[in-house]
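Novice: The following file, my_file06.cif, comprises mmCIF, C-alpha atoms:
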data_target
#
loop_
_atom_site.label_atom_id
_atom_site.label_comp_id
_atom_site.auth_asym_id
_atom_site.auth_seq_id
_atom_site.Cartn_x
_atom_site.Cartn_y
_atom_site.Cartn_z
CA MET A 1 89.51 4.07 -63.14
CA ILE A 2 87.51 1.07 -62.38
CA LYS A 3 84.86 1.45 -59.70
CA ALA A 4 84.30 -1.38 -57.38
CA ARG A 5 80.91 -3.02 -57.74
CA ARG A 6 78.47 -2.31 -54.91
CA LYS A 7 77.88 -5.22 -52.71
CA ILE A 8 74.34 -6.54 -52.82
CA GLY A 9 73.18 -7.93 -49.49
CA PHE A 10 71.17 -7.36 -46.34
CA HIS A 11 72.78 -4.06 -45.67
CA VAL A 12 70.41 -2.59 -48.34
CA LEU A 13 67.54 -3.13 -45.92
CA LEU A 14 69.13 -0.81 -43.46
CA LYS A 15 69.02 2.06 -45.94
CA SER A 16 66.44 4.71 -44.87
CA ARG A 17 64.70 4.98 -48.25
CA PHE A 18 63.70 1.35 -48.16
CA TRP A 19 61.98 1.71 -44.79
CA VAL A 20 60.04 4.77 -45.94
CA ILE A 21 58.70 2.85 -48.92
CA PHE A 22 57.98 -0.17 -46.76
CA PHE A 23 55.98 1.78 -44.15
CA PHE A 24 54.09 3.73 -46.80
CA GLY A 25 53.14 0.46 -48.47
CA ALA A 26 52.13 -1.10 -45.13
CA ILE A 27 49.89 1.89 -44.32
CA LEU A 28 48.24 1.69 -47.70
CA PHE A 29 47.69 -2.02 -47.30
CA GLY A 30 46.29 -1.54 -43.81
CA MET A 31 43.95 1.19 -45.00
CA ARG A 32 42.69 -1.03 -47.76
CA LEU A 33 42.23 -3.89 -45.33
CA THR A 34 40.32 -1.85 -42.73
CA LYS A 35 38.33 0.10 -45.30
CA GLY A 36 39.82 3.38 -44.17
CA ALA A 37 38.99 2.94 -40.49
CA GLY A 38 42.00 4.88 -39.34
CA TYR A 39 41.07 7.86 -41.46
CA LEU A 40 37.50 7.80 -40.22
CA GLU A 41 38.61 7.57 -36.58
CA PHE A 42 40.94 10.49 -37.09
CA TYR A 43 38.19 12.44 -38.83
CA SER A 44 35.75 11.83 -35.99
CA LEU A 45 38.35 12.90 -33.43
CA LEU A 46 38.89 16.10 -35.38
CA LEU A 47 35.16 16.79 -35.56
CA LYS A 48 34.45 16.07 -31.89
CA PRO A 49 34.89 19.64 -30.61
CA ILE A 50 32.40 21.02 -33.10
CA LEU A 51 29.78 18.23 -32.93
CA PRO A 52 26.32 19.01 -31.35
CA GLY A 53 26.93 18.74 -27.59
CA THR A 54 24.73 17.98 -24.55
CA ALA A 55 23.22 21.42 -24.65
CA GLN A 56 21.82 20.82 -28.10
CA ARG A 57 20.51 17.39 -27.05
CA GLU A 58 18.73 19.01 -24.12
CA TRP A 59 17.13 21.55 -26.44
CA ILE A 60 15.82 18.77 -28.61
CA GLN A 61 14.53 16.79 -25.60
CA GLN A 62 12.91 19.89 -24.18
CA GLY A 63 11.23 20.53 -27.50
CA GLU A 64 9.97 16.94 -27.58
CA LYS A 65 8.62 17.29 -24.04
CA ILE A 66 6.77 20.47 -24.91
CA GLU A 67 5.31 18.80 -27.97
CA GLN A 68 4.21 15.76 -25.93
CA HIS A 69 2.76 18.00 -23.22
CA LEU A 70 0.75 19.94 -25.78
CA ARG A 71 -0.44 16.73 -27.42
CA LEU A 72 -1.46 15.34 -24.01
CA LYS A 73 -3.35 18.52 -23.20
CA LEU A 74 -5.16 18.40 -26.53
CA LEU A 75 -6.02 14.73 -26.04
CA GLU A 76 -7.25 15.37 -22.49
CA GLU A 77 -9.46 18.20 -23.72
CA ASP A 78 -10.74 15.93 -26.46
CA ASN A 79 -11.32 13.17 -23.91
CA ILE A 80 -13.26 15.49 -21.57
CA ARG A 81 -15.41 16.73 -24.46
CA LEU A 82 -16.23 13.15 -25.54
CA ARG A 83 -16.88 12.03 -21.94
CA ARG A 84 -19.26 14.95 -21.50
CA ALA A 85 -21.03 13.93 -24.69
CA LEU A 86 -21.47 10.40 -23.27
CA SER A 87 -22.38 11.70 -19.76
CA LEU A 88 -19.49 9.78 -18.16
CA LYS A 89 -17.42 10.77 -15.15
CA GLU A 90 -14.60 13.22 -15.82
CA PHE A 91 -11.08 13.08 -14.53
CA ASN A 92 -9.74 16.52 -13.92
CA SER A 93 -6.34 16.70 -12.28
CA ASP A 94 -6.99 20.21 -10.99
CA LYS A 95 -9.68 19.04 -8.59
CA ARG A 96 -7.51 17.26 -6.07
CA ILE A 97 -7.16 17.74 -2.35
CA SER A 98 -3.83 16.82 -0.81
CA ALA A 99 -4.17 15.32 2.65
CA ALA A 100 -1.77 13.91 5.22
CA VAL A 101 -2.30 10.49 6.76
CA ILE A 102 -2.84 11.01 10.50
CA SER A 103 -3.71 7.44 11.45
CA ARG A 104 -3.09 4.14 9.75
CA ALA A 105 -4.54 0.67 10.31
CA SER A 106 -3.55 -1.08 7.13
CA ARG A 107 -3.17 -4.58 8.55
CA SER A 108 -5.86 -4.87 11.18
CA TRP A 109 -9.39 -6.35 11.02
CA TRP A 110 -10.42 -3.05 9.45
CA GLN A 111 -8.03 -1.63 6.91
CA GLN A 112 -8.40 2.10 6.92
CA LEU A 113 -6.61 5.45 6.95
CA GLU A 114 -7.52 8.70 8.64
CA VAL A 115 -6.57 11.84 6.70
CA ASN A 116 -6.47 15.43 7.85
CA LYS A 117 -8.96 16.88 5.33
CA GLY A 118 -12.69 16.65 5.85
CA ALA A 119 -16.06 18.02 4.83
CA LYS A 120 -14.82 21.58 5.41
CA ASP A 121 -12.31 21.11 2.57
CA GLY A 122 -14.89 19.60 0.25
CA VAL A 123 -14.25 15.91 0.88
CA LEU A 124 -17.37 13.78 0.42
CA LYS A 125 -18.22 10.16 1.08
CA GLY A 126 -17.42 7.91 -1.87
CA GLN A 127 -14.66 10.06 -3.34
CA THR A 128 -11.58 8.29 -4.68
CA VAL A 129 -8.30 8.49 -2.79
CA ILE A 130 -5.04 8.05 -4.67
CA GLY A 131 -1.44 7.85 -3.52
CA PRO A 132 1.90 7.45 -5.29
CA GLY A 133 1.30 4.39 -7.45
CA GLY A 134 -2.45 4.57 -7.94
CA VAL A 135 -5.80 4.19 -6.20
CA ILE A 136 -5.64 3.20 -2.53
CA GLY A 137 -9.28 3.42 -1.44
CA LEU A 138 -12.52 5.35 -1.15
CA VAL A 139 -13.70 7.87 1.44
CA ASP A 140 -15.94 6.01 3.90
CA SER A 141 -16.97 8.83 6.21
CA THR A 142 -16.08 12.42 6.91
CA THR A 143 -16.00 14.81 9.84
CA PRO A 144 -15.52 18.57 9.40
CA LEU A 145 -11.73 18.23 9.66
CA THR A 146 -10.92 14.58 8.94
CA SER A 147 -11.93 11.73 6.64
CA ARG A 148 -11.81 7.98 7.00
CA VAL A 149 -10.57 6.09 3.95
CA ARG A 150 -11.53 2.47 3.43
CA LEU A 151 -8.63 0.78 1.68
CA LEU A 152 -9.05 -1.44 -1.39
CA THR A 153 -7.47 -4.23 0.66
CA ASP A 154 -10.17 -4.13 3.36
CA PRO A 155 -11.91 -7.54 3.43
CA GLY A 156 -15.17 -7.36 1.51
CA HIS A 157 -14.51 -3.96 -0.08
CA GLN A 158 -15.65 -4.06 -3.72
CA ILE A 159 -15.11 -1.74 -6.69
CA GLY A 160 -15.62 -2.14 -10.42
CA VAL A 161 -12.43 -2.26 -12.49
CA TRP A 162 -11.29 -3.33 -15.93
CA VAL A 163 -8.25 -4.70 -17.70
CA ASP A 164 -7.32 -2.21 -20.37
CA ARG A 165 -5.57 -4.62 -22.75
CA THR A 166 -8.45 -7.06 -23.07
CA LYS A 167 -11.26 -4.57 -22.29
CA ARG A 168 -12.74 -6.95 -19.71
CA HIS A 169 -14.66 -5.74 -16.67
CA GLY A 170 -14.47 -7.26 -13.20
CA ILE A 171 -15.06 -6.68 -9.50
CA LEU A 172 -12.04 -6.11 -7.29
CA ILE A 173 -12.63 -7.56 -3.82
CA GLY A 174 -10.40 -6.81 -0.83
CA MET A 175 -9.02 -9.93 0.85
CA GLY A 176 -7.09 -8.40 3.74
CA THR A 177 -3.72 -8.70 2.03
CA ASN A 178 -2.00 -6.39 -0.46
CA ARG A 179 -3.33 -8.65 -3.23
CA PRO A 180 -7.07 -8.27 -3.75
CA LYS A 181 -9.09 -10.70 -5.84
CA LEU A 182 -10.44 -9.69 -9.24
CA ILE A 183 -13.54 -11.63 -10.29
CA PHE A 184 -14.29 -11.22 -13.98
CA LEU A 185 -17.78 -10.69 -15.31
CA ASN A 186 -17.07 -12.57 -18.56
CA LYS A 187 -16.57 -16.29 -18.90
CA ASN A 188 -13.22 -15.80 -20.63
CA SER A 189 -10.99 -13.10 -19.31
CA PHE A 190 -8.13 -13.43 -21.85
CA VAL A 191 -5.85 -11.61 -19.43
CA LYS A 192 -2.17 -12.37 -18.91
CA ILE A 193 0.13 -12.02 -15.94
CA GLY A 194 1.46 -8.47 -15.95
CA ASP A 195 -1.65 -6.81 -17.41
CA ALA A 196 -2.53 -3.49 -15.81
CA VAL A 197 -5.81 -3.14 -13.89
CA THR A 198 -7.41 0.32 -13.97
CA THR A 199 -10.69 1.98 -13.09
CA SER A 200 -13.21 1.53 -15.85
CA PRO A 201 -13.54 4.35 -18.39
CA ALA A 202 -17.27 3.59 -18.46
CA SER A 203 -17.66 3.98 -14.69
CA THR A 204 -20.22 6.41 -13.37
CA LEU A 205 -18.85 6.19 -9.81
CA LEU A 206 -15.05 6.42 -10.13
CA PRO A 207 -12.81 8.63 -12.27
CA PRO A 208 -11.61 6.76 -15.37
CA ASN A 209 -8.24 5.16 -16.15
CA LEU A 210 -6.64 5.32 -12.73
CA ILE A 211 -4.00 2.65 -12.15
CA ILE A 212 -4.90 0.11 -9.47
CA GLY A 213 -2.48 -2.76 -9.88
CA VAL A 214 -0.96 -5.52 -11.97
CA ILE A 215 -2.28 -9.05 -12.48
CA GLN A 216 -0.13 -11.60 -10.75
CA PHE A 217 -2.10 -14.85 -10.93
CA ILE A 218 -5.01 -16.06 -13.06
CA ASP A 219 -7.39 -18.98 -12.73
CA GLU A 220 -9.35 -19.18 -15.99
CA ASN A 221 -11.11 -22.40 -15.00
CA ALA A 222 -12.57 -21.14 -11.74
CA LEU A 223 -16.32 -21.35 -11.27
CA PRO A 224 -18.66 -19.51 -11.57
CA ALA A 225 -16.28 -17.01 -13.17
CA PRO A 226 -12.52 -16.76 -13.75
CA TYR A 227 -10.58 -14.78 -11.20
CA ALA A 228 -7.18 -13.13 -10.87
CA ILE A 229 -5.01 -11.97 -8.01
CA VAL A 230 -3.92 -8.35 -8.38
CA GLN A 231 -0.80 -6.83 -6.88
CA LEU A 232 -1.60 -3.23 -5.94
CA THR A 233 0.82 -0.62 -7.23
CA ALA A 234 0.25 1.77 -4.32
CA SER A 235 1.27 0.65 -0.84
CA PRO A 236 -0.89 2.19 1.91
CA GLU A 237 1.61 1.09 4.53
CA ALA A 238 4.24 3.47 3.20
CA ILE A 239 2.14 6.45 2.14
CA ASP A 240 2.13 9.61 4.23
CA TRP A 241 0.31 11.91 1.81
CA VAL A 242 -2.71 11.12 -0.33
CA GLN A 243 -4.88 12.97 -2.81
CA VAL A 244 -8.66 12.98 -2.71
CA LEU A 245 -10.27 13.37 -6.14
CA LYS A 246 -13.14 15.79 -5.75
CA ASN A 247 -14.91 15.26 -9.05
CA ASN A 248 -16.59 11.94 -8.36
CA GLY A 249 -18.54 13.07 -5.32
CA MET B 250 -3.82 9.22 46.98
CA VAL B 251 -7.22 7.77 46.20
CA ARG B 252 -8.15 10.91 44.33
CA ASN B 253 -4.92 10.72 42.32
CA ASN B 254 -5.62 7.13 41.34
CA LYS B 255 -9.11 8.06 40.26
CA LYS B 256 -7.69 10.82 38.08
CA LEU B 257 -5.22 8.41 36.54
CA LEU B 258 -7.99 5.96 35.85
CA ILE B 259 -10.17 8.56 34.16
CA PHE B 260 -7.19 9.82 32.20
CA PHE B 261 -6.23 6.38 30.94
CA ILE B 262 -9.71 5.35 29.87
CA ALA B 263 -11.02 8.65 28.51
CA ILE B 264 -7.89 10.01 26.84
CA SER B 265 -5.31 7.31 26.41
CA LEU B 266 -7.62 4.64 24.97
CA PRO B 267 -8.77 6.63 21.90
CA PHE B 268 -5.26 8.03 21.57
CA PHE B 269 -3.75 4.54 21.42
CA ILE B 270 -6.43 3.36 18.99
CA ILE B 271 -6.02 6.31 16.60
CA SER B 272 -2.26 6.76 16.76
CA SER B 273 -1.53 2.99 16.96
CA PRO B 274 2.14 3.57 17.83
CA ASP B 275 4.62 1.40 15.96
CA TRP B 276 6.51 0.44 19.12
CA LEU B 277 3.33 -1.25 20.36
CA LYS B 278 2.79 -3.37 17.27
CA ILE B 279 3.67 -6.85 16.09
CA ASN B 280 3.65 -7.32 12.31
CA GLY B 281 1.74 -4.04 12.04
CA ILE B 282 -1.01 -5.21 14.43
CA SER B 283 -1.91 -3.21 17.56
CA PRO B 284 -3.05 -4.76 20.85
CA CYS B 285 -6.76 -5.30 21.42
CA TRP B 286 -7.33 -2.24 23.62
CA PRO B 287 -10.99 -2.93 24.49
CA VAL B 288 -9.97 -6.27 26.04
CA ILE B 289 -7.18 -4.64 28.03
CA CYS B 290 -9.62 -2.08 29.47
CA LEU B 291 -12.61 -4.35 29.99
CA LEU B 292 -10.71 -7.18 31.72
CA PRO B 293 -9.88 -5.41 35.02
CA PHE B 294 -13.22 -3.58 35.08
CA SER B 295 -15.23 -6.80 34.67
CA LEU B 296 -13.17 -8.65 37.26
CA LYS B 297 -13.87 -5.96 39.85
CA ASN B 298 -17.52 -5.15 39.11
CA SER B 299 -20.83 -6.98 39.07
CA ARG B 300 -22.29 -8.72 36.04
CA LEU B 301 -24.81 -6.02 35.21
CA ILE B 302 -22.35 -3.13 35.47
CA SER B 303 -19.78 -5.05 33.41
CA ALA B 304 -22.34 -5.88 30.72
CA ILE B 305 -23.43 -2.23 30.44
CA ALA B 306 -19.78 -1.12 30.37
CA SER B 307 -18.97 -3.66 27.65
CA ILE B 308 -21.81 -2.42 25.43
CA MET B 309 -20.74 1.20 25.94
CA LEU B 310 -17.11 0.33 25.25
CA GLY B 311 -18.15 -1.61 22.15
CA ILE B 312 -20.13 1.35 20.80
CA PHE B 313 -17.17 3.62 21.52
CA ILE B 314 -14.63 1.36 19.79
CA ASP B 315 -16.92 0.69 16.83
CA SER B 316 -16.96 4.41 16.10
CA PHE B 317 -13.28 4.17 15.13
CA THR B 318 -13.75 1.45 12.54
CA VAL B 319 -15.29 1.28 9.06
CA SER B 320 -18.84 -0.05 9.18
CA ASP B 321 -20.01 -3.71 9.35
CA ALA B 322 -18.53 -6.04 12.03
CA SER B 323 -18.82 -4.99 15.67
CA TYR B 324 -16.95 -5.53 18.93
CA ILE B 325 -20.15 -5.51 21.01
CA PRO B 326 -21.17 -9.23 20.94
CA SER B 327 -17.76 -10.56 21.95
CA LEU B 328 -17.14 -7.86 24.57
CA PHE B 329 -20.59 -8.48 26.06
CA LEU B 330 -19.84 -12.21 26.35
CA LEU B 331 -16.42 -11.56 27.86
CA SER B 332 -17.82 -9.12 30.43
CA LEU B 333 -20.29 -11.78 31.62
CA VAL B 334 -17.59 -14.45 31.89
CA TRP B 335 -15.02 -12.26 33.60
CA SER B 336 -17.48 -10.71 36.07
CA GLN B 337 -18.66 -14.23 36.96
CA TYR B 338 -15.05 -15.32 37.49
CA GLY B 339 -14.42 -12.19 39.56
CA LEU B 340 -11.68 -11.65 42.07
CA HIS B 341 -12.98 -13.58 45.11
CA ASN B 342 -9.73 -13.02 46.98
CA LYS B 343 -7.69 -14.54 44.16
CA LYS B 344 -4.32 -13.18 43.35
CA ILE B 345 -5.68 -12.34 39.94
CA GLU B 346 -3.39 -9.39 39.43
CA LEU B 347 -0.48 -11.73 38.91
CA PHE B 348 1.09 -10.99 35.56
CA LEU B 349 0.65 -14.39 33.93
CA ASN B 350 -2.94 -14.80 35.02
CA ILE B 351 -4.01 -11.46 33.58
CA GLY B 352 -2.05 -12.09 30.41
CA LEU B 353 -3.66 -15.50 29.89
CA MET B 354 -7.15 -14.11 30.35
CA ALA B 355 -6.39 -11.29 27.91
CA ILE B 356 -5.12 -13.84 25.38
CA PHE B 357 -8.35 -15.86 25.56
CA GLY B 358 -10.39 -12.66 25.42
CA THR B 359 -8.54 -11.41 22.34
CA ALA B 360 -8.96 -14.77 20.64
CA LEU B 361 -12.72 -14.61 21.23
CA VAL B 362 -12.95 -11.01 19.98
CA GLY B 363 -10.90 -11.88 16.88
CA LEU B 364 -12.93 -14.98 16.08
CA SER B 365 -16.15 -13.03 16.54
CA ILE B 366 -15.05 -10.32 14.08
CA TRP B 367 -13.84 -12.98 11.64
CA MET B 368 -17.19 -14.78 11.76
CA GLN B 369 -19.10 -11.51 11.37
CA LYS B 370 -17.02 -10.60 8.31
CA ILE B 371 -17.74 -13.99 6.73
CA ILE B 372 -21.47 -13.65 7.45
CA LEU B 373 -21.69 -10.06 6.22
CA HIS B 374 -19.57 -10.36 3.06
CA VAL B 375 -20.72 -12.93 0.54
CA SER B 376 -17.44 -12.61 -1.37
CA LEU B 377 -15.44 -13.88 1.63
CA ARG B 378 -17.47 -17.10 1.89
CA ASN B 379 -15.78 -18.65 -1.15
CA ASN B 380 -12.59 -19.00 0.80
CA TRP B 381 -13.18 -19.57 4.52
CA PHE B 382 -9.57 -20.11 5.48
CA HIS B 383 -8.29 -16.58 5.10
CA SER B 384 -4.56 -16.19 5.54
CA TRP B 385 -5.16 -12.60 6.50
CA SER B 386 -7.50 -13.53 9.38
CA ILE B 387 -5.08 -16.08 10.83
CA TYR B 388 -2.28 -13.54 10.56
CA VAL B 389 -4.25 -10.79 12.34
CA LEU B 390 -5.62 -13.17 14.98
CA ILE B 391 -2.25 -14.64 15.98
CA SER B 392 -0.44 -11.30 15.93
CA GLU B 393 -3.17 -9.61 17.99
CA ILE B 394 -3.17 -12.43 20.55
CA ILE B 395 0.61 -12.24 20.98
CA ILE B 396 0.81 -8.46 21.35
CA THR B 397 -2.20 -8.28 23.68
CA GLY B 398 -0.76 -11.08 25.79
CA LEU B 399 2.45 -9.08 26.12
CA VAL B 400 0.86 -5.70 26.81
CA ALA B 401 -2.09 -6.74 29.03
CA PRO B 402 -0.06 -7.79 32.11
CA PHE B 403 1.27 -4.22 32.39
CA PHE B 404 -1.77 -2.11 31.54
CA SER B 405 -4.51 -4.40 32.89
CA SER B 406 -2.67 -5.10 36.17
CA TRP B 407 -2.18 -1.40 36.74
CA LEU B 408 -5.82 -0.72 35.96
CA LEU B 409 -6.92 -3.53 38.29
CA PHE B 410 -4.85 -2.14 41.15
CA THR B 411 -6.38 1.26 40.56
CA PHE B 412 -9.91 -0.15 40.43
CA LYS B 413 -9.34 -2.04 43.66
CA LYS B 414 -7.99 1.03 45.43
CA ASN B 415 -11.03 3.04 44.31
#
Just give me the structure as structure tokens.

Specialist:
Amino acid sequence: MIKARRKIGFHVLLKSRFWVIFFFGAILFGMRLTKGAGYLEFYSLLLKPILPGTAQREWIQQGEKIEQHLRLKLLEEDNIRLRRALSLKEFNSDKRISAAVISRASRSWWQQLEVNKGAKDGVLKGQTVIGPGGVIGLVDSTTPLTSRVRLLTDPGHQIGVWVDRTKRHGILIGMGTNRPKLIFLNKNSFVKIGDAVTTSPASTLLPPNLIIGVIQFIDENALPAPYAIVQLTASPEAIDWVQVLKNNG
Amino acid sequence: MVRNNKKLLIFFIAISLPFFIISSPDWLKINGISPCWPVICLLPFSLKNSRLISAIASIMLGIFIDSFTVSDASYIPSLFLLSLVWSQYGLHNKKIELFLNIGLMAIFGTALVGLSIWMQKIILHVSLRNNWFHSWSIYVLISEIIITGLVAPFFSSWLLFTFKKN
């Protein structure tokens, strides 16, 4: 019996086997083209439930914090030991007196604060007063229960400061506004806008390395010495609590 | 009635004045500047009293106010001058207690006090001499003049009435 020849045509494409081969080939080609991206994505999705989670990240961060804290403590102890050897002022964070601002005249002819801690609590004239952001002034006078703080912005108020990056000393003079003037002692200041101004680490009057402000304007050609305008980081107008540093009395 | 007024007078000067200076309430400020309280108190007193009494009162008031500020510049010279001028001007049957009149005198008084402190600061602080035109001084002076001019007609007029009744 003679079998009829199978017709060759498009109907072959509709056969299921062809499509299986075609899709398998396409997947292989795609995998080759994407360098196995699909596989990797799938693998990562599979691994997600067993990957280190937030808890583990927190443990690591906590460990890092502890390490940094210990390093800071060691460095502070080292710093105190060296400062003692050089007979310089120490900065000890334990010797602070928290005080509330009971009166404020931060924009008047006299720029001052009255705080509710006085001689009875160990506050002495000349001690440094800091607020959130940095130094805000020095104690001008005390009564048994209160102290008067002369702000850094008070016209004519002068303190010695330095720019940490360039290691240049200067005198910060209050000009009545929130931007005191910094007159440098050197002919060339080499400072840039944005440099931090701190208390001098060589100071015998103020605790070292306390943030005061940021340089906002410089005039290198000014005579007799270059000067800069400093934007204070602490704002006395918005501070309700301050800390008096006892150790520079 | 007279006794009551006297009590009010003593209360205002002895208690309210330092209270206003120390607390410097925000609702009595313009741009963070309080009124010039010594001018508000001295104005009616000088208008009512003789030159000598006013001068002594101005010095005492100056010493009192200076105790609330940090060192250097003083209120005494300007207050002394104002007491002499105002006591010379006097009342002399004028309707001085009119609001605008009192306010205008307080404005001139505050301007003199402000300029005096400004000059003293420039003389006392070498660092401020490099730049005589201080933006801060202009700011404080104008703000203080405005707020004192607004507050004085109320407080000073009331004080003047009380002084006259006593």

Novice: Give me, as JSON, numbers by chain, the contact residues of chain B against chain A at a cut-off of 6 Å, counting all atoms listed in the file.

Specialist: {"B": [271, 272, 282, 374, 385]}

Novice: Using the chain letters and numbers from the file, give me the residues hit by the PyMOL selection byres ((chain A and resi 123) around 10), as a ChimeraX atom specification.

Specialist: /A:96-97,117-122,124-128,139,141-147,244-247,249

Novice: Tell me, in Å to one decimal, how far atom CA of A:Ala99 is from atom CA of B:Trp276.

Specialist: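 Interatomic distance here is 24.6 Å.
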
Novice: What's around B:Leu409 at 8 Å? Count all atoms listed in the file, leave out sequence neighbours fewer than 3 positions away in its own chain, and write the answer as an mmCIF file with C-alpha atoms, in the coordinates of the input.

Specialist:
data_model
loop_
_atom_site.group_PDB
_atom_site.id
_atom_site.type_symbol
_atom_site.label_atom_id
_atom_site.label_comp_id
_atom_site.auth_asym_id
_atom_site.auth_seq_id
_atom_site.Cartn_x
_atom_site.Cartn_y
_atom_site.Cartn_z
ATOM 1 C CA PRO B 293 -9.880 -5.410 35.020
ATOM 2 C CA PHE B 294 -13.220 -3.580 35.080
ATOM 3 C CA LYS B 297 -13.870 -5.960 39.850
ATOM 4 C CA GLU B 346 -3.390 -9.390 39.430
ATOM 5 C CA SER B 405 -4.510 -4.400 32.890
ATOM 6 C CA SER B 406 -2.670 -5.100 36.170
ATOM 7 C CA PHE B 412 -9.910 -0.150 40.430
ATOM 8 C CA LYS B 413 -9.340 -2.040 43.660
#

Novice: Figure out the distance between atom CA of B:Leu257 and atom CA of B:Cys285, please, to one decimal in Å.

Specialist: 20.5 Å

Novice: Atom CA of B:Phe261 and atom CA of B:Ser365 are how many Å apart?

Specialist: 26.1 Å

Novice: Neighbouring residues of B:Leu292 were defined as those with any atom within 9 Å, considering all atoms listed in the file; residues of the same chain fewer than 2 positions away were excluded. Please report them as a ChimeraX atom specification.

Specialist: /B:287-290,294-297,331-332,335-336,351,354-355,358,405,409
